[in-house]
>>> print(open('target_18.cif').read())   # mmCIF, C-alpha atoms
data_start
loop_
_atom_site.label_atom_id
_atom_site.label_comp_id
_atom_site.auth_asym_id
_atom_site.auth_seq_id
_atom_site.Cartn_x
_atom_site.Cartn_y
_atom_site.Cartn_z
CA MET A 1 0.00 0.00 0.00
CA PRO A 2 1.14 3.62 -0.44
CA PRO A 3 3.06 4.98 2.57
CA LEU A 4 0.27 7.24 3.88
CA ARG A 5 -2.35 4.50 3.68
CA MET A 6 0.08 2.02 5.22
CA PHE A 7 0.75 4.37 8.13
CA THR A 8 -2.87 5.30 8.84
CA SER A 9 -4.02 1.68 8.62
CA GLY A 10 -1.24 0.65 11.00
CA LEU A 11 -2.13 3.51 13.33
CA GLN A 12 -5.72 2.29 13.37
CA HIS A 13 -4.51 -1.07 14.69
CA VAL A 14 -2.52 0.72 17.41
CA ALA A 15 -5.54 2.82 18.39
CA ALA A 16 -7.66 -0.32 18.67
CA MET A 17 -5.19 -2.14 20.93
CA TYR A 18 -3.61 0.69 22.92
CA ALA A 19 -5.86 0.48 25.96
CA GLY A 20 -5.45 -3.30 26.08
CA VAL A 21 -1.64 -2.99 26.13
CA VAL A 22 -1.38 -0.39 28.88
CA ALA A 23 -4.20 -1.75 31.07
CA PRO A 24 -2.28 -4.75 32.58
CA PRO A 25 0.72 -2.64 33.74
CA MET A 26 -1.74 -0.01 35.03
CA ILE A 27 -3.31 -2.74 37.19
CA VAL A 28 -0.20 -4.72 38.16
CA GLY A 29 2.07 -1.74 38.92
CA PRO A 30 0.12 -0.29 41.86
CA ALA A 31 -0.77 -3.79 43.11
CA VAL A 32 2.90 -4.72 43.60
CA GLY A 33 3.68 -1.36 45.18
CA LEU A 34 5.10 0.75 42.34
CA ASN A 35 4.57 4.50 42.31
CA ALA A 36 2.93 6.43 39.46
CA LYS A 37 6.19 7.14 37.62
CA GLU A 38 7.32 3.51 37.81
CA THR A 39 3.91 2.34 36.61
CA ALA A 40 4.15 4.75 33.67
CA PHE A 41 7.57 3.26 32.89
CA LEU A 42 5.97 -0.21 32.83
CA MET A 43 3.34 1.07 30.40
CA GLY A 44 5.97 2.42 28.01
CA ALA A 45 7.92 -0.83 28.25
CA SER A 46 4.76 -2.80 27.46
CA LEU A 47 4.19 -0.74 24.30
CA PHE A 48 7.81 -1.28 23.24
CA THR A 49 7.75 -5.05 23.79
CA ALA A 50 4.31 -5.38 22.15
CA GLY A 51 5.84 -3.74 19.07
CA ILE A 52 8.74 -6.19 19.04
CA ALA A 53 6.40 -9.18 19.43
CA THR A 54 4.15 -7.88 16.64
CA LEU A 55 7.12 -7.49 14.29
CA LEU A 56 8.18 -11.06 15.12
CA GLN A 57 4.68 -12.26 14.19
CA THR A 58 4.19 -10.30 10.98
CA LEU A 59 7.69 -10.25 9.46
CA GLY A 60 9.33 -13.14 11.28
CA PHE A 61 12.56 -14.96 10.58
CA TRP A 62 13.45 -18.61 10.12
CA ARG A 63 10.41 -20.48 11.51
CA VAL A 64 9.40 -17.74 13.91
CA GLY A 65 6.23 -15.80 13.09
CA ALA A 66 2.82 -16.64 11.67
CA ARG A 67 3.36 -14.06 8.90
CA LEU A 68 -0.28 -13.04 9.19
CA PRO A 69 -1.75 -9.61 10.10
CA PHE A 70 -1.48 -10.73 13.70
CA VAL A 71 -1.05 -8.25 16.57
CA ASN A 72 0.63 -9.18 19.85
CA GLY A 73 0.40 -7.38 23.16
CA VAL A 74 0.36 -7.90 26.92
CA SER A 75 -1.89 -10.81 27.85
CA PHE A 76 -4.75 -10.18 30.29
CA ALA A 77 -4.57 -13.87 31.28
CA GLY A 78 -1.51 -13.15 33.41
CA VAL A 79 -2.85 -10.18 35.37
CA THR A 80 -4.41 -12.09 38.29
CA PRO A 81 -1.49 -14.50 38.87
CA MET A 82 1.04 -11.69 38.51
CA ILE A 83 -0.74 -9.70 41.20
CA ALA A 84 -0.77 -12.81 43.42
CA ILE A 85 2.97 -13.29 42.85
CA GLY A 86 4.13 -9.73 43.39
CA LYS A 87 1.53 -8.13 45.65
CA ASP A 88 3.10 -5.44 47.87
CA ARG A 89 6.64 -6.72 47.13
CA GLY A 90 7.74 -3.72 45.06
CA HIS A 91 10.76 -4.23 42.83
CA ASP A 92 11.32 -7.75 44.18
CA GLY A 93 7.79 -8.70 43.15
CA ILE A 94 8.38 -7.43 39.61
CA ALA A 95 11.71 -9.31 39.45
CA VAL A 96 10.01 -12.58 40.47
CA ILE A 97 7.26 -12.02 37.89
CA PHE A 98 9.84 -11.42 35.17
CA GLY A 99 11.82 -14.53 36.14
CA ALA A 100 8.70 -16.69 35.98
CA ILE A 101 7.72 -15.24 32.59
CA ILE A 102 11.17 -15.99 31.14
CA VAL A 103 11.09 -19.65 32.22
CA ALA A 104 7.48 -20.18 31.12
CA SER A 105 8.15 -18.53 27.75
CA LEU A 106 11.24 -20.61 27.00
CA LEU A 107 9.27 -23.75 27.88
CA GLY A 108 6.50 -22.61 25.52
CA PHE A 109 9.05 -22.04 22.74
CA VAL A 110 10.26 -25.63 23.10
CA LEU A 111 6.68 -26.99 23.13
CA ALA A 112 5.52 -24.98 20.07
CA PRO A 113 6.34 -27.65 17.42
CA TYR A 114 4.31 -30.22 19.37
CA PHE A 115 1.47 -27.94 20.43
CA CYS A 116 0.79 -26.92 16.81
CA LYS A 117 0.04 -30.55 15.84
CA LEU A 118 -3.26 -30.18 17.70
CA VAL A 119 -4.55 -28.18 14.72
CA ARG A 120 -6.37 -31.22 13.32
CA PHE A 121 -8.53 -31.17 16.42
CA PHE A 122 -9.78 -27.68 15.49
CA PRO A 123 -12.41 -28.30 12.75
CA PRO A 124 -15.04 -25.61 11.95
CA VAL A 125 -17.30 -26.73 14.81
CA VAL A 126 -14.45 -25.99 17.24
CA THR A 127 -12.95 -22.91 15.60
CA GLY A 128 -16.35 -21.33 14.98
CA THR A 129 -17.29 -21.84 18.63
CA VAL A 130 -14.01 -20.40 19.89
CA ILE A 131 -14.08 -17.42 17.51
CA THR A 132 -17.62 -16.62 18.63
CA LEU A 133 -16.54 -16.85 22.28
CA ILE A 134 -13.57 -14.58 21.62
CA GLY A 135 -15.89 -11.87 20.33
CA VAL A 136 -18.50 -12.35 23.04
CA SER A 137 -15.83 -12.45 25.78
CA LEU A 138 -14.33 -9.19 24.57
CA LEU A 139 -17.64 -7.30 24.51
CA PRO A 140 -17.67 -6.78 28.32
CA VAL A 141 -14.31 -5.01 27.89
CA ALA A 142 -15.96 -2.60 25.44
CA PHE A 143 -18.90 -2.14 27.82
CA ASN A 144 -16.49 -1.37 30.69
CA TRP A 145 -14.63 1.18 28.55
CA SER A 146 -17.98 2.71 27.54
CA GLN A 147 -18.75 3.32 31.20
CA GLY A 148 -15.38 4.94 31.84
CA GLY A 149 -13.04 2.01 32.52
CA ASN A 150 -12.58 2.63 36.26
CA ALA A 151 -15.38 1.22 38.39
CA SER A 152 -14.22 3.21 41.42
CA ALA A 153 -14.44 6.58 39.62
CA GLY A 154 -17.32 8.87 40.44
CA ASP A 155 -18.44 9.18 36.82
CA TYR A 156 -18.32 5.45 36.09
CA GLY A 157 -21.41 4.50 34.11
CA SER A 158 -22.55 8.13 33.88
CA THR A 159 -24.92 9.22 31.14
CA THR A 160 -22.09 11.37 29.73
CA ASN A 161 -19.74 8.42 29.30
CA ILE A 162 -22.36 6.09 27.85
CA THR A 163 -23.67 8.83 25.53
CA MET A 164 -20.14 9.42 24.21
CA ALA A 165 -19.77 5.70 23.57
CA ALA A 166 -23.11 5.64 21.75
CA VAL A 167 -22.17 8.73 19.68
CA THR A 168 -18.87 7.11 18.67
CA LEU A 169 -20.66 3.88 17.75
CA VAL A 170 -23.11 5.79 15.54
CA ILE A 171 -20.25 7.76 13.94
CA VAL A 172 -18.34 4.59 13.07
CA LEU A 173 -21.44 2.95 11.60
CA ALA A 174 -22.31 6.09 9.61
CA LEU A 175 -18.76 6.39 8.26
CA ARG A 176 -18.79 2.73 7.20
CA LYS A 177 -22.08 3.34 5.41
CA LEU A 178 -21.28 6.68 3.75
CA LEU A 179 -17.59 6.46 2.91
CA ARG A 180 -15.99 4.46 0.14
CA GLY A 181 -12.58 2.98 -0.59
CA PHE A 182 -9.70 3.68 1.78
CA LEU A 183 -11.66 6.12 3.96
CA GLN A 184 -14.19 3.38 4.63
CA GLN A 185 -11.35 1.06 5.67
CA ILE A 186 -10.13 3.51 8.32
CA ALA A 187 -13.63 4.31 9.60
CA ILE A 188 -12.64 3.10 13.09
CA LEU A 189 -9.67 5.48 13.24
CA LEU A 190 -11.76 8.38 11.91
CA GLY A 191 -14.48 7.54 14.42
CA LEU A 192 -11.96 7.62 17.27
CA VAL A 193 -10.60 11.00 16.11
CA ILE A 194 -14.06 12.55 15.72
CA GLY A 195 -15.23 11.04 19.00
CA THR A 196 -12.19 12.45 20.81
CA LEU A 197 -12.76 15.93 19.34
CA ILE A 198 -16.38 15.83 20.50
CA ALA A 199 -15.24 14.64 23.95
CA ILE A 200 -13.03 17.71 24.48
CA PRO A 201 -15.87 20.22 25.12
CA VAL A 202 -17.76 17.49 26.99
CA GLY A 203 -14.85 17.41 29.46
CA ILE A 204 -13.80 13.76 29.47
CA THR A 205 -10.52 14.17 27.58
CA ASP A 206 -7.49 14.23 29.89
CA PHE A 207 -4.54 16.29 28.60
CA GLY A 208 -2.52 15.74 31.77
CA ALA A 209 -0.69 12.75 30.31
CA ILE A 210 1.01 14.94 27.67
CA GLY A 211 2.35 17.40 30.24
CA ASP A 212 3.76 14.65 32.47
CA ALA A 213 5.37 12.60 29.68
CA ASP A 214 9.10 12.67 28.88
CA LEU A 215 10.19 13.45 25.33
CA VAL A 216 12.43 10.37 25.04
CA GLY A 217 12.69 7.34 27.30
CA PHE A 218 14.30 3.97 26.59
CA PRO A 219 13.08 0.98 28.64
CA THR A 220 16.36 0.29 30.45
CA PRO A 221 17.02 -3.49 30.56
CA PHE A 222 16.16 -5.02 33.94
CA HIS A 223 15.19 -1.62 35.30
CA PHE A 224 13.70 -3.24 38.42
CA GLY A 225 16.63 -5.58 39.04
CA ALA A 226 17.77 -8.97 37.80
CA PRO A 227 15.00 -11.56 37.41
CA GLN A 228 14.39 -13.86 40.38
CA PHE A 229 13.18 -17.43 40.09
CA GLU A 230 10.65 -18.95 42.48
CA ILE A 231 9.09 -22.37 41.82
CA ALA A 232 5.51 -21.43 42.71
CA ALA A 233 5.62 -18.34 40.51
CA ILE A 234 7.11 -20.32 37.62
CA VAL A 235 4.39 -23.01 37.82
CA SER A 236 1.70 -20.33 37.88
CA MET A 237 3.08 -18.54 34.81
CA CYS A 238 3.56 -21.86 32.97
CA ILE A 239 -0.19 -22.42 33.32
CA VAL A 240 -0.77 -18.91 31.98
CA MET A 241 1.53 -19.67 29.04
CA LEU A 242 -0.49 -22.77 28.11
CA VAL A 243 -3.66 -20.70 28.27
CA CYS A 244 -2.07 -18.06 26.02
CA MET A 245 -0.90 -20.70 23.54
CA THR A 246 -4.41 -22.16 23.40
CA GLU A 247 -5.95 -18.73 22.79
CA SER A 248 -3.30 -17.82 20.20
CA THR A 249 -3.94 -21.06 18.32
CA ALA A 250 -7.65 -20.27 18.22
CA ASP A 251 -6.92 -16.67 17.15
CA MET A 252 -4.62 -17.79 14.33
CA LEU A 253 -7.25 -20.20 13.08
CA ALA A 254 -9.81 -17.38 13.23
CA LEU A 255 -7.56 -14.93 11.39
CA GLY A 256 -6.65 -17.55 8.80
CA LYS A 257 -10.35 -17.95 8.00
CA ILE A 258 -10.84 -14.18 7.75
CA VAL A 259 -7.90 -13.60 5.37
CA ASP A 260 -8.62 -16.75 3.31
CA ARG A 261 -5.31 -18.34 4.22
CA PRO A 262 -6.15 -21.23 6.57
CA ALA A 263 -3.59 -21.57 9.35
CA ASP A 264 -1.80 -24.90 8.95
CA GLU A 265 0.57 -26.56 11.42
CA ARG A 266 3.59 -24.64 10.21
CA THR A 267 1.79 -21.29 10.47
CA ILE A 268 0.64 -22.07 14.02
CA GLU A 269 4.08 -23.32 15.01
CA GLY A 270 5.66 -20.09 13.76
CA GLY A 271 3.01 -18.01 15.48
CA LEU A 272 3.48 -19.79 18.81
CA ARG A 273 7.24 -19.42 18.51
CA ALA A 274 6.81 -15.68 17.95
CA ASP A 275 4.45 -15.48 20.95
CA THR A 276 6.82 -17.30 23.25
CA LEU A 277 10.03 -15.68 21.97
CA GLY A 278 8.45 -12.25 22.29
CA SER A 279 7.36 -13.14 25.82
CA ALA A 280 10.87 -14.38 26.71
CA LEU A 281 12.45 -11.13 25.45
CA SER A 282 9.79 -8.93 27.03
CA PRO A 283 11.08 -9.04 30.65
CA LEU A 284 14.51 -7.95 29.40
CA PHE A 285 12.89 -4.60 28.57
CA ASN A 286 10.54 -4.69 31.59
CA GLY A 287 7.49 -5.98 29.72
CA PHE A 288 5.05 -8.77 30.50
CA MET A 289 3.92 -11.92 28.68
CA CYS A 290 2.74 -11.28 25.12
CA SER A 291 -0.13 -12.97 23.34
CA ALA A 292 -2.59 -12.43 20.48
CA PHE A 293 -4.93 -9.44 20.51
CA ALA A 294 -8.33 -10.59 19.31
CA GLN A 295 -9.69 -7.04 18.92
CA ASN A 296 -7.36 -6.51 15.98
CA ILE A 297 -8.74 -9.63 14.32
CA GLY A 298 -12.09 -7.84 14.40
CA LEU A 299 -10.45 -4.82 12.75
CA VAL A 300 -9.07 -7.01 9.93
CA ALA A 301 -12.50 -8.59 9.46
CA MET A 302 -14.21 -5.21 9.34
CA THR A 303 -11.77 -3.25 7.14
CA LYS A 304 -10.85 -6.15 4.81
CA VAL A 305 -7.24 -4.86 4.89
CA ARG A 306 -5.38 -8.17 5.06
CA SER A 307 -1.79 -7.05 4.57
CA ARG A 308 0.59 -8.22 7.27
CA PHE A 309 2.83 -5.28 6.41
CA VAL A 310 0.13 -2.88 7.61
CA VAL A 311 0.22 -4.60 11.00
CA ALA A 312 4.04 -4.58 10.88
CA VAL A 313 3.85 -0.78 10.53
CA GLY A 314 1.59 -0.82 13.57
CA GLY A 315 4.29 -2.80 15.39
CA GLY A 316 6.85 -0.17 14.41
CA ILE A 317 4.56 2.57 15.73
CA LEU A 318 4.29 0.70 19.04
CA VAL A 319 8.10 0.53 19.29
CA VAL A 320 8.32 4.30 18.68
CA LEU A 321 5.60 4.96 21.25
CA GLY A 322 7.59 2.93 23.75
CA LEU A 323 10.69 5.03 23.04
CA VAL A 324 8.89 8.39 22.92
CA PRO A 325 6.52 8.62 25.89
CA VAL A 326 5.14 11.99 24.78
CA ALA A 327 3.98 10.39 21.50
CA ALA A 328 2.34 7.57 23.42
CA SER A 329 0.46 10.12 25.51
CA VAL A 330 -1.15 11.57 22.36
CA ILE A 331 -2.74 8.17 21.64
CA ALA A 332 -3.80 8.09 25.29
CA LEU A 333 -5.92 11.19 24.66
CA VAL A 334 -8.67 8.95 23.27
CA PRO A 335 -11.16 8.69 26.16
CA LEU A 336 -12.15 5.17 27.14
CA PRO A 337 -15.87 5.78 26.44
CA VAL A 338 -14.94 6.72 22.87
CA LEU A 339 -12.79 3.60 22.57
CA GLY A 340 -15.63 1.54 24.05
CA GLY A 341 -18.09 2.71 21.40
CA ALA A 342 -15.71 1.66 18.63
CA GLY A 343 -14.90 -1.55 20.52
CA ILE A 344 -18.50 -2.73 20.33
CA VAL A 345 -18.19 -2.83 16.53
CA LEU A 346 -14.71 -4.37 16.62
CA PHE A 347 -15.49 -7.16 19.05
CA GLY A 348 -18.89 -7.79 17.54
CA SER A 349 -17.14 -8.33 14.19
CA VAL A 350 -15.11 -11.15 15.76
CA ALA A 351 -18.26 -12.87 17.02
CA SER A 352 -19.83 -12.40 13.60
CA SER A 353 -16.87 -14.15 11.98
CA GLY A 354 -17.33 -17.06 14.38
CA ILE A 355 -20.99 -17.38 13.45
CA GLN A 356 -20.03 -17.41 9.77
CA THR A 357 -17.58 -20.24 10.47
CA LEU A 358 -20.25 -22.19 12.38
CA ALA A 359 -22.46 -21.92 9.30
CA THR A 360 -19.99 -24.24 7.53
CA ALA A 361 -19.80 -26.75 10.41
CA ALA A 362 -22.73 -28.96 9.36
CA LEU A 363 -24.62 -28.37 12.60
CA GLU A 364 -27.57 -30.36 11.28
CA LYS A 365 -25.52 -33.56 11.26
CA GLY A 366 -24.23 -35.69 14.13
CA GLU A 367 -23.74 -34.04 17.50
CA ASN A 368 -22.13 -30.83 16.25
CA ALA A 369 -24.98 -28.65 17.49
CA LEU A 370 -24.62 -30.23 20.93
CA ILE A 371 -20.88 -29.52 20.90
CA VAL A 372 -21.54 -25.84 20.15
CA ALA A 373 -24.29 -25.60 22.78
CA ALA A 374 -22.17 -27.07 25.58
CA ALA A 375 -18.98 -25.20 24.69
CA VAL A 376 -20.69 -21.82 24.35
CA GLY A 377 -22.63 -22.43 27.57
CA VAL A 378 -19.48 -23.22 29.56
CA GLY A 379 -17.54 -20.42 27.87
CA LEU A 380 -20.16 -17.85 28.89
CA ILE A 381 -19.98 -18.73 32.60
CA PRO A 382 -17.16 -16.26 33.47
CA ILE A 383 -19.07 -13.52 31.62
CA ALA A 384 -22.58 -14.21 32.91
CA ALA A 385 -21.54 -15.25 36.46
CA PRO A 386 -18.06 -13.83 37.23
CA ASP A 387 -18.03 -15.34 40.76
CA PHE A 388 -19.15 -18.80 39.65
CA TYR A 389 -15.75 -20.40 40.41
CA HIS A 390 -14.96 -18.37 43.54
CA ALA A 391 -14.54 -21.50 45.72
CA PHE A 392 -11.99 -23.11 43.37
CA PRO A 393 -8.20 -22.98 43.97
CA LYS A 394 -6.64 -19.76 42.70
CA ASP A 395 -4.31 -21.59 40.30
CA LEU A 396 -7.33 -23.11 38.52
CA LEU A 397 -8.93 -19.69 38.16
CA VAL A 398 -6.26 -18.78 35.60
CA VAL A 399 -8.03 -21.17 33.21
CA LEU A 400 -11.59 -21.16 34.56
CA ASP A 401 -11.95 -17.37 34.52
CA SER A 402 -11.18 -17.34 30.80
CA GLY A 403 -14.33 -18.21 28.88
CA ILE A 404 -12.24 -18.55 25.72
CA SER A 405 -10.01 -21.19 27.30
CA THR A 406 -12.78 -23.20 28.98
CA GLY A 407 -14.99 -23.06 25.90
CA CYS A 408 -12.09 -24.12 23.71
CA VAL A 409 -11.25 -27.08 25.95
CA VAL A 410 -14.88 -28.22 26.09
CA ALA A 411 -15.27 -27.91 22.30
CA ILE A 412 -12.08 -29.91 21.66
CA LEU A 413 -12.98 -32.68 24.12
CA LEU A 414 -16.54 -33.04 22.85
CA ASN A 415 -15.37 -33.01 19.24
CA LEU A 416 -12.95 -35.82 20.13
CA ALA A 417 -15.67 -37.78 21.89
CA PHE A 418 -18.34 -37.40 19.19
CA ASN A 419 -16.36 -37.10 15.96
CA HIS A 420 -13.11 -39.01 16.52
CA LEU A 421 -13.27 -41.72 19.17
CA GLY A 422 -14.97 -44.90 17.96
CA ARG A 423 -15.84 -43.26 14.67
CA PRO A 424 -17.04 -45.72 12.00
CA ALA A 425 -14.84 -46.15 8.97
CA GLU A 426 -17.58 -45.00 6.60
CA LYS A 427 -17.63 -41.61 8.36
CA ALA A 428 -13.98 -40.97 7.70
CA ALA A 429 -14.89 -38.22 5.26
CA ALA A 430 -17.10 -36.32 7.68
CA PRO A 431 -18.44 -32.85 6.85
CA GLU A 432 -15.67 -31.40 9.01
CA GLU A 433 -12.95 -32.60 6.63
CA PRO A 434 -11.98 -30.35 3.71
CA THR A 435 -12.72 -31.56 0.21
CA ALA A 436 -9.92 -32.32 -2.19
CA GLY A 437 -10.13 -28.83 -3.69
CA GLU A 438 -10.11 -27.18 -0.27
CA ARG A 439 -7.41 -29.30 1.35
CA PRO A 440 -4.39 -27.19 2.33
CA GLN A 441 -0.97 -27.83 0.88
CA ASP A 442 1.64 -29.81 2.74
CA PRO A 443 2.91 -27.28 5.33
CA MET A 444 6.52 -28.04 4.35
CA THR A 445 5.85 -26.91 0.74
CA LEU A 446 4.34 -23.54 1.69
CA PRO A 447 6.62 -20.51 1.18
CA LEU A 448 7.71 -18.68 4.30
CA VAL A 449 6.82 -15.28 2.82
CA HIS A 450 3.34 -14.58 1.43
#
>>> encode(input="target_18.cif", output="structure tokens")
Amino acid sequence: MPPLRMFTSGLQHVAAMYAGVVAPPMIVGPAVGLNAKETAFLMGASLFTAGIATLLQTLGFWRVGARLPFVNGVSFAGVTPMIAIGKDRGHDGIAVIFGAIIVASLLGFVLAPYFCKLVRFFPPVVTGTVITLIGVSLLPVAFNWSQGGNASAGDYGSTTNITMAAVTLVIVLALRKLLRGFLQQIAILLGLVIGTLIAIPVGITDFGAIGDADLVGFPTPFHFGAPQFEIAAIVSMCIVMLVCMTESTADMLALGKIVDRPADERTIEGGLRADTLGSALSPLFNGFMCSAFAQNIGLVAMTKVRSRFVVAVGGGILVVLGLVPVAASVIALVPLPVLGGAGIVLFGSVASSGIQTLATAALEKGENALIVAAAVGVGLIPIAAPDFYHAFPKDLLVVLDSGISTGCVVAILLNLAFNHLGRPAEKAAAPEEPTAGERPQDPMTLPLVH
């Protein structure tokens, strides 16, 4: 694409993911006892490392990287266990968290070639269910942003915040309807800009971040001290890594469907290697575990811009934002209610893609409809009843509190039980299997660069 279009499309991806990248350090920093300046440093480091991980995914090298328009950022799955590990321990808590992330990430890198072989257990009935759950699970994030993002704030859920979210939603929909060509593709970005401009006289745009930000700031390696290694912390983060690998596999399968390049074993292996290598490098620059960002999959589905180089530009922008805090603060001007209004469209697009995939899953045959019903039902538990698993051990909550993970596990197990185990020979060519014309090439014959 021409440079200007490449830049604005990449910037749109950054705008869609920015809040998701900085939210985990905003939560973890104060919980472990860091002050406001140190927490801001963590946020800049998270932007920088998210950029590196995204470049690894999109451009890649050797057999690292999915080479899809795949965005990586700080995983929300690790927030709760990281708080448990480092609560009120200050710099020592951060050092223990970083040590556990390094070990878990290196283990994940070693397991990637084996984990990717599970792809044959992800037919449309499984992938469609998981993609739908990804979108539905993300919608509460958009609703929270629409209310203001901070439940303890006095204006949380105010009519002003919700009205701004609704106005932004209407603007995005109107732009998608009225514009054509490239302008239609960047409707989300335009909606965020217009929404932010409207929010200024309303009084919900905070310019304080620009005044407090440094012009240049490099995330000094091991700023909080050398990593420390504790067994309990390592085990906890290893569980988180497996959760992240499961979600990334589902996200790659979803994105492959959207861009008409089905993710085969080699693609998933490369994507998982990029995830885990990015996560292993992240603590070096004071960042957390990196994983796929499903909201950007919704952006790809909505804009139809499928170029991985656009997302690579977004990764470069993230690196720059991490090195230039004052530039990052400009992106932070977008009020959360404005971002929430756009997020409803983004995350809803992911769920819509999942429903489209389920339409090809032959739900009228066999027990596929039952598989979808049970998996979606279990996957919605953390959303519909957040305290449902409150009596379970905290280590299990890492998995159980993720509707994407639990729904994915249920869908895989039920698909195995109904469509694989004890399956009659005459059903070998079930509706789930691709036809000869649709069957992907041998992964080893696919070019590394597309």
>>> resolve_selection(input="target_18.cif", expression="the PyMOL selection byres ((chain A and resi 4-21) around 6)", output="list in words")
Met1, Pro2, Pro3, Val22, Ala23, Gly73, Val74, Leu189, Val310, Val311, Val313 and Gly314 of chain A
>>> closest_atom_pairs(input="target_18.cif", of="range 193-305 of chain A", to="range 121-125 of chain A", cutoff="12 Å", atoms="only C-alpha atoms", output="Markdown table")
| residue | atom | partner | partner_atom | distance |
| --- | --- | --- | --- | --- |
| A:Thr246 | CA | A:Phe122 | CA | 11.0 |
| A:Thr249 | CA | A:Phe122 | CA | 9.3 |
| A:Ala250 | CA | A:Phe122 | CA | 8.2 |
| A:Asp251 | CA | A:Phe122 | CA | 11.5 |
| A:Met252 | CA | A:Phe122 | CA | 11.2 |
| A:Leu253 | CA | A:Phe122 | CA | 8.3 |
| A:Ala254 | CA | A:Pro124 | CA | 9.8 |
| A:Lys257 | CA | A:Pro124 | CA | 9.8 |
| A:Pro262 | CA | A:Pro124 | CA | 11.3 |
| A:Ala263 | CA | A:Phe122 | CA | 10.6 |
| A:Asp264 | CA | A:Phe122 | CA | 10.7 |
| A:Glu265 | CA | A:Phe122 | CA | 11.2 |
| A:Ile268 | CA | A:Phe122 | CA | 11.9 |
>>> resolve_selection(input="target_18.cif", expression="the PyMOL selection byres ((chain A and resi 308) around 12)", output="JSON list (two decimals) with C-alpha atoms, in the frame of the given file")
[["chain", "number", "residue", "atom", "x", "y", "z"],
["A", 1, "MET", "CA", 0.00, 0.00, 0.00],
["A", 6, "MET", "CA", 0.08, 2.02, 5.22],
["A", 9, "SER", "CA", -4.02, 1.68, 8.62],
["A", 10, "GLY", "CA", -1.24, 0.65, 11.00],
["A", 13, "HIS", "CA", -4.51, -1.07, 14.69],
["A", 54, "THR", "CA", 4.15, -7.88, 16.64],
["A", 55, "LEU", "CA", 7.12, -7.49, 14.29],
["A", 56, "LEU", "CA", 8.18, -11.06, 15.12],
["A", 57, "GLN", "CA", 4.68, -12.26, 14.19],
["A", 58, "THR", "CA", 4.19, -10.30, 10.98],
["A", 59, "LEU", "CA", 7.69, -10.25, 9.46],
["A", 60, "GLY", "CA", 9.33, -13.14, 11.28],
["A", 65, "GLY", "CA", 6.23, -15.80, 13.09],
["A", 66, "ALA", "CA", 2.82, -16.64, 11.67],
["A", 67, "ARG", "CA", 3.36, -14.06, 8.90],
["A", 68, "LEU", "CA", -0.28, -13.04, 9.19],
["A", 69, "PRO", "CA", -1.75, -9.61, 10.10],
["A", 70, "PHE", "CA", -1.48, -10.73, 13.70],
["A", 71, "VAL", "CA", -1.05, -8.25, 16.57],
["A", 255, "LEU", "CA", -7.56, -14.93, 11.39],
["A", 256, "GLY", "CA", -6.65, -17.55, 8.80],
["A", 259, "VAL", "CA", -7.90, -13.60, 5.37],
["A", 296, "ASN", "CA", -7.36, -6.51, 15.98],
["A", 297, "ILE", "CA", -8.74, -9.63, 14.32],
["A", 300, "VAL", "CA", -9.07, -7.01, 9.93],
["A", 304, "LYS", "CA", -10.85, -6.15, 4.81],
["A", 305, "VAL", "CA", -7.24, -4.86, 4.89],
["A", 306, "ARG", "CA", -5.38, -8.17, 5.06],
["A", 307, "SER", "CA", -1.79, -7.05, 4.57],
["A", 309, "PHE", "CA", 2.83, -5.28, 6.41],
["A", 310, "VAL", "CA", 0.13, -2.88, 7.61],
["A", 311, "VAL", "CA", 0.22, -4.60, 11.00],
["A", 312, "ALA", "CA", 4.04, -4.58, 10.88],
["A", 313, "VAL", "CA", 3.85, -0.78, 10.53],
["A", 314, "GLY", "CA", 1.59, -0.82, 13.57],
["A", 315, "GLY", "CA", 4.29, -2.80, 15.39],
["A", 449, "VAL", "CA", 6.82, -15.28, 2.82],
["A", 450, "HIS", "CA", 3.34, -14.58, 1.43]]
>>> atom_distance(input="target_18.cif", atom1="CA of Leu281 in chain A", atom2="CA of Cys408 in chain A")
27.8 Å
>>> residues_around(input="target_18.cif", residues="Val126 in chain A", least_positions_apart="5", cutoff="9 Å", atoms="only C-alpha atoms", output="ChimeraX atom specification")
/A:121,131,250,358,361,371-372,375,408,411-412,415
>>> write_last_selection(input="target_18.cif", atoms="C-alpha atoms", output="PDB file, in the coordinates of the input")
ATOM      1  CA  PHE A 121      -8.530 -31.170  16.420  1.00  0.00           C
ATOM      2  CA  ILE A 131     -14.080 -17.420  17.510  1.00  0.00           C
ATOM      3  CA  ALA A 250      -7.650 -20.270  18.220  1.00  0.00           C
ATOM      4  CA  LEU A 358     -20.250 -22.190  12.380  1.00  0.00           C
ATOM      5  CA  ALA A 361     -19.800 -26.750  10.410  1.00  0.00           C
ATOM      6  CA  ILE A 371     -20.880 -29.520  20.900  1.00  0.00           C
ATOM      7  CA  VAL A 372     -21.540 -25.840  20.150  1.00  0.00           C
ATOM      8  CA  ALA A 375     -18.980 -25.200  24.690  1.00  0.00           C
ATOM      9  CA  CYS A 408     -12.090 -24.120  23.710  1.00  0.00           C
ATOM     10  CA  ALA A 411     -15.270 -27.910  22.300  1.00  0.00           C
ATOM     11  CA  ILE A 412     -12.080 -29.910  21.660  1.00  0.00           C
ATOM     12  CA  ASN A 415     -15.370 -33.010  19.240  1.00  0.00           C
TER      13      ASN A 415
END
